[in-house]
>>> print(open('model-v7.txt').read())   # compact mmCIF, C-alpha atoms
# COMPACT_ATOMS: atom_id res chain seq x y z
CA MET A 210 -3.66 -10.68 4.04
CA ARG A 211 -4.51 -14.30 3.16
CA LYS A 212 -2.32 -15.54 6.01
CA ALA A 213 -4.25 -13.22 8.33
CA GLY A 214 -7.41 -15.07 7.29
CA LEU A 215 -8.94 -12.59 4.85
CA ASP A 216 -11.05 -14.16 2.10
CA SER A 217 -9.06 -14.68 -1.09
CA LYS A 218 -11.69 -12.86 -3.15
CA TYR A 219 -11.42 -9.83 -0.85
CA VAL A 220 -7.60 -9.84 -1.09
CA SER A 221 -7.80 -9.82 -4.90
CA ALA A 222 -10.31 -6.96 -4.75
CA ILE A 223 -8.12 -4.85 -2.42
CA ILE A 224 -4.86 -5.30 -4.32
CA GLY A 225 -6.59 -5.05 -7.71
CA HIS A 226 -5.35 -8.37 -8.99
CA VAL A 227 -6.17 -8.85 -12.69
CA ASN A 228 -7.53 -12.39 -12.75
CA LYS A 229 -10.63 -14.46 -13.32
CA LEU A 230 -12.37 -12.75 -10.42
CA GLN A 231 -12.83 -9.74 -12.69
CA SER A 232 -16.38 -10.85 -13.39
CA GLU A 233 -17.15 -10.58 -9.68
CA ALA A 234 -15.62 -7.11 -9.26
CA SER A 235 -18.94 -5.33 -9.76
CA TYR A 236 -20.65 -7.29 -7.01
CA LEU A 237 -18.26 -6.54 -4.16
CA ASP A 238 -19.60 -5.34 -0.83
CA TRP A 239 -16.90 -2.88 0.21
CA THR A 240 -18.48 -2.25 3.62
CA GLU A 241 -18.12 -5.95 4.40
CA ILE A 242 -14.58 -6.04 2.97
CA GLU A 243 -13.58 -3.09 5.18
CA LYS A 244 -15.09 -4.73 8.27
CA GLU A 245 -13.28 -8.01 7.56
CA TRP A 246 -9.99 -6.24 6.85
CA VAL A 247 -10.13 -4.34 10.14
CA ALA A 248 -11.02 -7.48 12.10
CA LYS A 249 -8.45 -9.79 10.50
CA CYS A 250 -5.60 -7.70 9.08
CA GLU A 251 -5.31 -4.41 10.99
CA GLN A 252 -3.30 -5.89 13.86
CA LYS A 253 -1.38 -8.40 11.73
CA LEU A 254 -0.18 -5.64 9.39
CA THR A 255 1.15 -3.55 12.29
CA TRP A 256 4.88 -3.98 11.99
CA LEU A 257 6.69 -2.22 14.82
CA ALA A 258 6.29 -2.99 18.52
CA ASP A 259 5.90 0.64 19.60
CA SER A 260 2.94 0.97 17.21
CA THR A 261 1.37 -2.14 18.72
CA LEU A 262 1.75 -0.58 22.18
CA LEU A 263 0.24 2.69 20.94
CA ASN A 264 -2.71 0.79 19.48
CA ARG A 265 -3.24 -1.05 22.79
CA LEU A 266 -2.99 2.20 24.70
CA SER A 267 -5.59 3.83 22.46
CA GLU A 268 -7.90 0.81 22.88
CA GLU A 269 -7.47 0.91 26.66
CA LYS A 270 -8.20 4.65 26.69
CA ASN A 271 -11.40 4.01 24.74
CA LYS A 272 -12.41 1.28 27.19
CA THR A 273 -11.70 3.57 30.16
CA ALA A 274 -13.71 6.40 28.60
CA ASN A 275 -16.64 4.03 27.99
CA LEU A 276 -16.48 2.77 31.55
CA GLU A 277 -16.33 6.31 32.94
CA SER A 278 -19.36 7.41 30.94
CA LEU A 279 -21.24 4.30 32.12
CA LEU A 280 -20.35 5.03 35.74
CA SER A 281 -21.38 8.67 35.44
CA MET A 282 -24.82 7.50 34.33
CA ALA A 283 -25.16 4.89 37.06
CA LEU A 284 -23.64 6.74 40.03
CA SER A 285 -24.02 10.17 41.58
CA PRO A 286 -20.98 12.55 41.55
CA ALA A 287 -20.45 11.90 45.28
CA GLN A 288 -20.45 8.14 44.73
CA ILE A 289 -17.97 8.50 41.87
CA GLU A 290 -15.64 10.51 44.15
CA LYS A 291 -15.88 7.79 46.80
CA LEU A 292 -15.15 5.14 44.19
CA LYS A 293 -12.08 7.06 42.97
CA GLU A 294 -10.78 7.33 46.56
CA PHE A 295 -11.37 3.63 47.07
CA ILE A 296 -9.49 2.71 43.83
CA ALA A 297 -6.59 5.06 44.75
CA GLY A 298 -6.37 3.37 48.16
CA GLU A 299 -6.38 -0.09 46.58
CA ILE A 300 -3.61 0.88 44.14
CA LYS A 301 -1.46 2.19 47.05
CA ARG A 302 -1.90 -1.12 48.91
CA MET B 156 22.20 -10.47 -31.06
CA ILE B 157 22.85 -8.30 -27.99
CA ARG B 158 19.94 -8.56 -25.57
CA THR B 159 19.45 -5.22 -23.86
CA HIS B 160 15.77 -5.38 -22.92
CA SER B 161 13.47 -8.02 -21.46
CA PRO B 162 11.14 -9.90 -23.87
CA ALA B 163 8.11 -8.14 -22.36
CA THR B 164 9.68 -4.71 -23.00
CA VAL B 165 10.58 -5.67 -26.59
CA TYR B 166 7.01 -6.91 -27.11
CA GLY B 167 5.61 -3.63 -25.81
CA TYR B 168 7.90 -1.45 -27.92
CA ARG B 169 7.29 -3.56 -31.04
CA SER B 170 3.52 -3.16 -30.69
CA MET B 171 3.95 0.63 -30.89
CA LEU B 172 5.94 0.59 -34.14
CA PRO B 173 3.17 -0.10 -36.71
CA GLY B 174 1.22 2.96 -35.54
CA LEU B 175 4.36 5.10 -35.67
CA PHE B 176 5.30 3.90 -39.19
CA GLN B 177 1.73 4.42 -40.46
CA SER B 178 1.70 7.96 -39.10
CA VAL B 179 5.18 8.89 -40.35
CA LEU B 180 5.37 7.00 -43.65
CA GLY B 181 1.67 7.01 -44.54
CA GLU B 182 -0.67 4.00 -44.62
CA GLU B 183 0.09 3.33 -48.31
CA ASN B 184 3.79 2.87 -47.52
CA PHE B 185 3.41 0.48 -44.59
CA ARG B 186 2.14 -3.08 -44.64
CA LYS B 187 1.59 -5.09 -41.47
CA THR B 188 2.30 -8.41 -43.23
CA VAL B 189 5.74 -7.18 -44.35
CA PHE B 190 6.44 -5.81 -40.88
CA ASP B 191 5.50 -9.15 -39.28
CA ARG B 192 7.75 -11.02 -41.73
CA LEU B 193 10.77 -8.76 -41.21
CA ALA B 194 10.33 -8.31 -37.43
CA PRO B 195 8.45 -11.36 -36.17
CA CYS B 196 6.84 -11.20 -32.78
CA GLY B 197 8.93 -13.20 -30.31
CA THR B 198 7.75 -15.27 -27.39
CA VAL B 199 6.98 -13.25 -24.28
CA TYR B 200 8.20 -14.68 -20.99
CA LEU B 201 9.24 -13.35 -17.60
CA VAL B 202 12.95 -12.97 -16.94
CA SER B 203 12.77 -11.83 -13.33
CA HIS B 204 11.08 -13.09 -10.20
CA LYS B 205 9.97 -10.66 -7.48
CA ASN B 206 11.20 -11.76 -4.09
CA ILE B 207 8.97 -11.09 -1.12
CA PRO B 208 10.61 -9.49 1.95
CA THR B 209 10.16 -11.38 5.20
CA PRO B 210 8.27 -9.63 8.05
CA ASP B 211 11.61 -9.24 9.88
CA GLY B 212 13.22 -7.79 6.75
CA LEU B 213 10.37 -5.33 6.43
CA ARG B 214 10.72 -4.35 10.11
CA ALA B 215 14.45 -3.77 9.58
CA MET B 216 13.70 -1.50 6.60
CA LEU B 217 11.09 0.45 8.56
CA THR B 218 13.44 0.90 11.49
CA MET B 219 16.18 2.25 9.21
CA ALA B 220 13.95 4.46 7.04
CA ASN B 221 13.39 8.19 7.59
CA ALA B 222 9.90 9.62 8.18
CA GLN B 223 9.13 9.83 4.45
CA TYR B 224 10.16 6.29 3.53
CA LYS B 225 8.73 4.80 6.72
CA ALA B 226 5.35 6.20 5.64
CA LEU B 227 5.83 5.08 2.03
CA ILE B 228 6.96 1.55 2.87
CA GLY B 229 4.19 1.24 5.47
CA PHE B 230 1.68 2.41 2.85
CA LEU B 231 2.95 -0.16 0.33
CA ALA B 232 3.15 -2.99 2.85
CA CYS B 233 -0.32 -2.72 4.35
CA SER B 234 -2.33 -1.62 1.30
CA GLY B 235 -0.78 -3.94 -1.30
CA MET B 236 -0.99 -1.07 -3.79
CA ARG B 237 1.42 -0.68 -6.69
CA ILE B 238 4.08 1.99 -6.23
CA GLY B 239 2.64 4.14 -9.03
CA GLU B 240 -0.79 3.99 -7.39
CA VAL B 241 0.66 5.09 -4.04
CA LEU B 242 2.73 7.96 -5.44
CA SER B 243 -0.27 9.32 -7.34
CA ARG B 244 -2.49 9.49 -4.23
CA LYS B 245 -3.77 12.84 -3.03
CA TRP B 246 -4.95 13.58 0.50
CA SER B 247 -8.50 13.79 -0.88
CA ASP B 248 -8.25 10.02 -1.59
CA VAL B 249 -7.48 9.18 2.05
CA GLU B 250 -10.38 8.96 4.50
CA VAL B 251 -9.25 8.49 8.09
CA ARG B 252 -11.90 6.57 10.04
CA PRO B 253 -12.84 7.46 13.67
CA ASP B 254 -10.96 4.32 14.83
CA GLY B 255 -7.73 5.71 13.36
CA TYR B 256 -7.25 3.44 10.33
CA ALA B 257 -7.88 4.80 6.82
CA ARG B 258 -9.57 3.91 3.55
CA VAL B 259 -7.85 4.88 0.29
CA THR B 260 -9.88 5.42 -2.88
CA LEU B 261 -8.59 4.41 -6.31
CA ARG B 262 -10.68 5.43 -9.31
CA ALA B 263 -11.08 3.14 -12.34
CA GLY B 264 -8.79 5.18 -14.60
CA GLU B 265 -5.98 5.03 -12.04
CA THR B 266 -5.76 1.26 -11.64
CA LYS B 267 -4.10 -1.45 -13.73
CA ALA B 268 -7.33 -3.47 -13.83
CA ARG B 269 -9.38 -0.37 -14.80
CA LYS B 270 -11.82 -1.03 -11.97
CA PRO B 271 -12.45 1.28 -9.01
CA ARG B 272 -11.32 -0.15 -5.70
CA TYR B 273 -10.39 0.69 -2.12
CA ALA B 274 -7.33 -0.15 -0.06
CA PHE B 275 -6.85 0.21 3.68
CA LEU B 276 -4.15 1.63 5.92
CA THR B 277 -3.42 0.54 9.46
CA ARG B 278 -3.46 3.02 12.35
CA GLU B 279 0.31 2.65 12.45
CA THR B 280 0.68 3.80 8.83
CA VAL B 281 -1.73 6.70 9.37
CA LEU B 282 0.44 7.73 12.32
CA TRP B 283 3.57 7.56 10.13
CA LEU B 284 1.83 9.63 7.45
CA ARG B 285 1.00 12.28 10.04
CA THR B 286 4.58 12.25 11.35
CA PHE B 287 5.89 12.59 7.79
CA THR B 288 3.60 15.56 7.10
CA ILE B 289 4.85 17.32 10.24
CA TRP B 290 8.46 16.45 9.32
CA LEU B 291 7.93 17.81 5.80
CA GLY B 292 6.51 21.11 7.08
CA VAL B 293 4.88 21.90 3.75
CA LYS B 294 1.23 21.57 2.76
CA SER B 295 0.65 19.68 -0.46
CA GLU B 296 -2.34 18.02 -2.13
CA TRP B 297 -0.11 14.95 -2.72
CA VAL B 298 0.35 12.40 0.04
CA PHE B 299 3.99 12.00 -1.09
CA PRO B 300 5.05 15.30 -2.65
CA GLY B 301 8.26 15.60 -4.58
CA GLU B 302 11.00 18.20 -4.21
CA ASN B 303 8.49 20.66 -5.62
CA GLU B 304 5.39 20.20 -3.46
CA THR B 305 3.04 20.88 -6.40
CA LYS B 306 4.12 17.57 -7.95
CA ALA B 307 4.15 14.00 -6.66
CA LEU B 308 7.35 12.19 -5.70
CA GLN B 309 9.03 10.70 -8.79
CA TYR B 310 8.97 6.93 -9.27
CA GLY B 311 12.72 6.81 -9.98
CA THR B 312 13.59 8.59 -6.73
CA ALA B 313 11.35 6.33 -4.65
CA LEU B 314 12.68 3.23 -6.41
CA GLU B 315 16.31 4.19 -5.71
CA GLN B 316 15.69 4.81 -2.00
CA ILE B 317 13.61 1.67 -1.48
CA LYS B 318 16.19 -0.44 -3.35
CA ARG B 319 18.87 1.00 -1.07
CA LEU B 320 16.84 0.01 2.00
CA PHE B 321 16.40 -3.53 0.63
CA ASP B 322 20.13 -3.71 -0.07
CA ARG B 323 21.28 -2.33 3.30
CA ASN B 324 19.11 -4.85 5.11
CA GLY B 325 20.52 -7.88 3.33
CA MET B 326 17.82 -8.24 0.66
CA LYS B 327 20.02 -8.20 -2.42
CA ASP B 328 19.08 -9.13 -5.97
CA ASN B 329 20.34 -12.56 -6.98
CA GLY B 330 20.28 -12.94 -10.77
CA PRO B 331 16.65 -13.06 -11.89
CA GLU B 332 15.42 -12.93 -8.29
CA ILE B 333 14.92 -9.28 -7.45
CA PHE B 334 13.51 -7.08 -4.69
CA THR B 335 11.43 -4.17 -5.95
CA PRO B 336 8.77 -1.84 -4.50
CA HIS B 337 6.32 -4.11 -6.38
CA SER B 338 7.29 -6.91 -4.01
CA SER B 339 4.76 -5.53 -1.52
CA ASN B 340 1.93 -6.08 -4.01
CA ALA B 341 3.04 -9.71 -4.32
CA GLU B 342 3.47 -9.94 -0.54
CA SER B 343 -0.07 -8.76 0.11
CA ARG B 344 -1.45 -11.65 -1.90
CA THR B 345 -0.05 -14.09 0.64
>>> encode(input="model-v7.txt", output="structure tokens")
Amino acid sequence: MRKAGLDSKYVSAIIGHVNKLQSEASYLDWTEIEKEWVAKCEQKLTWLADSTLLNRLSEEKNKTANLESLLSMALSPAQIEKLKEFIAGEIKR
Amino acid sequence: MIRTHSPATVYGYRSMLPGLFQSVLGEENFRKTVFDRLAPCGTVYLVSHKNIPTPDGLRAMLTMANAQYKALIGFLACSGMRIGEVLSRKWSDVEVRPDGYARVTLRAGETKARKPRYAFLTRETVLWLRTFTIWLGVKSEWVFPGENETKALQYGTALEQIKRLFDRNGMKDNGPEIFTPHSSNAESRT
């Protein structure tokens, strides 16, 4: 976790290391620790390649869903259909 | 003198004896000063060093492990929890977040430091936990149920299987340098 860039104090808090940081244990912001852990360690602690691909796939799906919802707000159904036809044509080319 | 136990174990056992003698023999028949003179407290020092598996070694173990031990090793490796803490987890302690990763709750009475804390699981480990649950085919309150699903998996059983995975993947003990399930706690510090 340290190698991934997580603050040393946060690492000690997560693994429950019994050390001098005990005095600080009551003042930990777990919301911040969670946010930092996700940002810095979640990917680094993913061990197998197929899991990495699954994670990427899930992220891409989320991005696609966001884009689709944005388009449905900005365009009419007819325009969306035209756009889909255009994209399909581009992919074929 | 034949040395059968580590100094730390001897120290721990010795500290329990005065209470036992006082209870069994009666306080009037036991004196701490005499006990200390006859069985002096030795120096406590570590006799083993926990080796940390390399990322490639860990990957090799995960690839070889079945659904249960893939989930257990993944849990240990990404949370940095002690094996006893992992085996005593119930599903009510695991909160899966909308993004797919999870937060694990440890209450003060369940931790070595006697402080409440949280650990986190990657999406990959959550996926392995789900796969393991499907593979198991039995509903249990424990994340890692034992042979009888009303009880948690035993430490000894988990230790034996994890040691075998270390061994089969070239991570063998070398004198005082050992590989144990606790290695993941040490690994997470780095």
>>> closest_residue(input="model-v7.txt", among="A:Ile224, A:Met210, A:Cys250, A:Leu280", to="Leu292 (chain A)", atoms="all atoms listed in the file")
A:Leu280
>>> interface_residues(input="model-v7.txt", of="chain A", to="chain B", cutoff="7 Å", atoms="all atoms listed in the file", output="JSON, numbers by chain")
{"A": [210, 211, 212, 220, 222, 223, 224, 225, 227, 251, 254, 255, 256, 257, 260]}
>>> atom_distance(input="model-v7.txt", atom1="CA of Leu231 (chain B)", atom2="CA of Tyr168 (chain B)")
28.7 Å
>>> atom_distance(input="model-v7.txt", atom1="CA of Trp239 (chain A)", atom2="CA of Ser243 (chain B)")
22.0 Å
>>> atom_distance(input="model-v7.txt", atom1="CA of Glu296 (chain B)", atom2="CA of Asp248 (chain B)")
10.0 Å
>>> residues_near_point(input="model-v7.txt", point="(6.2, 4.7, -12.0)", cutoff="9 Å", atoms="all atoms listed in the file", output="list in words")
Arg237, Ile238, Gly239, Glu240, Leu242, Gln309, Tyr310, Gly311 and Leu314 of chain B
>>> closest_residue(input="model-v7.txt", among="A:Ser278, A:Ser267, A:Ser221, A:Ser285", to="Leu237 (chain A)", atoms="only C-alpha atoms")
A:Ser221
>>> residues_near_point(input="model-v7.txt", point="(6.3, 6.7, 4.1)", cutoff="8 Å", atoms="all atoms listed in the file", output="list of chain:residue names")
B:Ala222, B:Gln223, B:Tyr224, B:Lys225, B:Ala226, B:Leu227, B:Ile228, B:Gly229, B:Phe230, B:Thr280, B:Trp283, B:Leu284, B:Phe287, B:Phe299
>>> closest_residue(input="model-v7.txt", among="B:Gly167, B:Gly264, B:Gly212, B:Pro300", to="Trp246 (chain B)", atoms="all atoms listed in the file")
B:Pro300
>>> residues_around(input="model-v7.txt", residues="Asp322 (chain B)", least_positions_apart="5", cutoff="10 Å", atoms="all atoms listed in the file", output="VMD selection string")
chain B and resid 216 316 to 317 327 to 328 334
>>> closest_residue(input="model-v7.txt", among="B:Pro331, B:Leu291, B:Leu201, B:Pro253", to="Asn271 (chain A)", atoms="all atoms listed in the file")
B:Pro253
